Amino acid sequence: MGLVISYLAAGMTVGLASGLFGIGGGVIVVPVLLIIFAAQGMSADVAMHLAVGSSLATIVVTGLSSARAHWRLGNIVMQALPWLAGGLVAGALAGAQIAAALPGDVLRLVFGVFLLAMAVQLLFFGQPRSSHGVPAPAIVAGVGAVIGTISSLVGIGGGTLVVPFLAWTGVAMRQAVGTSAAAGVCIAIAGTLGFILAGTGDEQLPAWSTGYIYWPAVAGITVSSVFIAPLGARLASHLPATWLRRAFALFLVAVGLRLLLG
């Protein structure tokens, strides 16, 4: 029972932070899961892989509702999505295999550096300037493959990378966010399958795992986060955007340094 409460509480934390800051996925889920897994006594190697894989599995569930809403609102750029999705899926599958091949401590350092890089972007750089339009399909697919690899490697939906890329191509921000939501589901599904395949046969895995997906964590986080996220969104609407941006950046710095310092 205590374990169930821990994952439900984790989901509430994830939901509140996601609604408050507008970014969820592995940026919030992975650090929270690492704390719980450590309390359970999991080894560092298997804990990091389970945290990243389970993070991607939660995005499949939460991302579908967001993508569906954007589809209904016409916020998905169909000109770019098929090529982008193809690259993202290929990259996500590759990223899962790379992550599985890395020791847990190395994967933890990679994630920590990624968080610090995100914090620098939020604190010192604005949105990229728009170019003259969506590049050729091969370029879109290539960029998608790179984003998919990075996203799967650190357990995120890819929105923090897809949205700036689409904004740079000249896509309106609302459509960039909507297309990113649909792309994030592609990353999550491919990454989840990749982590299931990569973790199959690992004797260190706890019960209720399928490869590197730990289902009690996935269930607890998705169930509670869905109900709490709107509260964070309402709170965010009453706070200055600059304050939110800086607060989230400082959160990323704190978590990133904690991971890098072990």
# chains A, B, ... in the order shown; residues from 1 in each chain; ligands from 1
>>> residues_around(residues="region 137-142 of chain A", least_positions_apart="4", cutoff="12 Å", atoms="only C-alpha atoms", output="list in words")
Met78, Gln79, Ala80, Leu81, Pro82, Trp83, Leu84, Ala85, Gly86, Gly87, Leu88, Val89, Ala90, Gly91, Gly133, Val146, Ile147, Gly148, Thr149, Val162, Phe165, Leu166, Thr169 and Ala183 of chain A
>>> select_by_dssp(residues="region 22-203 of chain A", states="alpha helix (DSSP H)", output="MDAnalysis selection string")
chainID A and resid 26:40 44:72 81:101 104:124 137:154 159:168 173:199
>>> residues_around(residues="Val29 (chain A)", least_positions_apart="5", cutoff="12 Å", atoms="only C-alpha atoms", output="NGL selection string")
:A and (7 or 9-18 or 23-24 or 34-37 or 48 or 50-59 or 154-157 or 217-218 or 220-222 or 225 or 255)
>>> residues_around(residues="Ala100 (chain A)", least_positions_apart="2", cutoff="9 Å", atoms="only C-alpha atoms", output="number ranges by chain")
A: 49, 95-98, 102-104, 107, 153, 195, 198-199, 212
>>> closest_residue(among="A:Leu122, A:Leu193, A:Ala67, A:Val226", to="Gly211 (chain A)", atoms="only C-alpha atoms")
A:Leu193
>>> select_by_dssp(residues="region 59-243 of chain A", states="strand (DSSP E)", output="PDB file with N, CA, C and O atoms, in the first residue's frame")
ATOM      1  N   SER A 209       7.530  -5.840 -13.979  1.00  0.00           N
ATOM      2  CA  SER A 209       8.237  -5.131 -15.043  1.00  0.00           C
ATOM      3  C   SER A 209       8.103  -5.896 -16.350  1.00  0.00           C
ATOM      4  O   SER A 209       8.056  -7.126 -16.356  1.00  0.00           O
ATOM      5  N   THR A 210       8.057  -5.147 -17.445  1.00  0.00           N
ATOM      6  CA  THR A 210       8.163  -5.726 -18.779  1.00  0.00           C
ATOM      7  C   THR A 210       9.338  -5.038 -19.444  1.00  0.00           C
ATOM      8  O   THR A 210       9.251  -3.883 -19.848  1.00  0.00           O
ATOM      9  N   ILE A 213      10.201  -1.330 -18.359  1.00  0.00           N
ATOM     10  CA  ILE A 213       8.979  -0.600 -18.026  1.00  0.00           C
ATOM     11  C   ILE A 213       8.452  -1.152 -16.701  1.00  0.00           C
ATOM     12  O   ILE A 213       8.161  -2.353 -16.604  1.00  0.00           O
ATOM     13  N   TYR A 214       8.324  -0.301 -15.697  1.00  0.00           N
ATOM     14  CA  TYR A 214       7.832  -0.719 -14.381  1.00  0.00           C
ATOM     15  C   TYR A 214       6.383  -0.257 -14.244  1.00  0.00           C
ATOM     16  O   TYR A 214       6.104   0.916 -14.029  1.00  0.00           O
TER      17      TYR A 214
END
>>> atom_distance(atom1="CA of Ala219 (chain A)", atom2="CA of Arg258 (chain A)")
26.4 Å
>>> residues_around(residues="Ala117 (chain A)", least_positions_apart="4", cutoff="10 Å", atoms="only C-alpha atoms", output="compact mmCIF listing (two decimals) with N, CA and C atoms, in the first residue's frame")
# COMPACT_ATOMS: atom_id res chain seq x y z
N PHE A 111 21.60 12.52 -18.61
CA PHE A 111 20.34 13.19 -18.28
C PHE A 111 20.60 14.49 -17.52
N GLY A 112 21.56 14.47 -16.61
CA GLY A 112 21.89 15.69 -15.87
C GLY A 112 22.38 16.81 -16.77
N VAL A 113 23.25 16.48 -17.72
CA VAL A 113 23.75 17.48 -18.67
C VAL A 113 22.61 18.02 -19.52
N GLN A 121 19.02 27.28 -21.87
CA GLN A 121 18.14 27.75 -22.96
C GLN A 121 17.01 28.62 -22.40
N LEU A 122 16.39 28.18 -21.31
CA LEU A 122 15.27 28.92 -20.73
C LEU A 122 15.71 30.26 -20.15
N ALA A 249 13.53 26.90 -14.77
CA ALA A 249 14.95 26.79 -15.08
C ALA A 249 15.76 26.47 -13.83
N LEU A 252 15.37 22.89 -12.95
CA LEU A 252 16.21 22.04 -13.80
C LEU A 252 17.66 22.07 -13.36
N VAL A 253 18.15 23.24 -12.98
CA VAL A 253 19.53 23.36 -12.49
C VAL A 253 19.72 22.52 -11.24
N GLY A 256 19.54 18.82 -12.22
CA GLY A 256 20.70 18.47 -13.04
C GLY A 256 21.99 18.34 -12.23
>>> closest_atom_pairs(of="region 10-80 of chain A", to="region 204-208 of chain A", cutoff="9 Å", atoms="only C-alpha atoms", output="JSON lines")
{"residue": "A:Met42", "atom": "CA", "partner": "A:Pro206", "partner_atom": "CA", "distance": 8.3}
{"residue": "A:Ser43", "atom": "CA", "partner": "A:Gln204", "partner_atom": "CA", "distance": 8.1}
{"residue": "A:Val46", "atom": "CA", "partner": "A:Gln204", "partner_atom": "CA", "distance": 6.7}
{"residue": "A:Ala47", "atom": "CA", "partner": "A:Leu205", "partner_atom": "CA", "distance": 8.9}
{"residue": "A:Leu50", "atom": "CA", "partner": "A:Leu205", "partner_atom": "CA", "distance": 8.5}
>>> closest_residue(among="A:Phe124, A:Val163, A:Gly201, A:Trp215", to="Ala182 (chain A)", atoms="only C-alpha atoms")
A:Val163
>>> closest_residue(among="A:Leu239, A:Glu203, A:Ile187, A:Arg245", to="Gly63 (chain A)", atoms="only C-alpha atoms")
A:Ile187
>>> atom_distance(atom1="CA of Thr179 (chain A)", atom2="CA of Val77 (chain A)")
6.0 Å
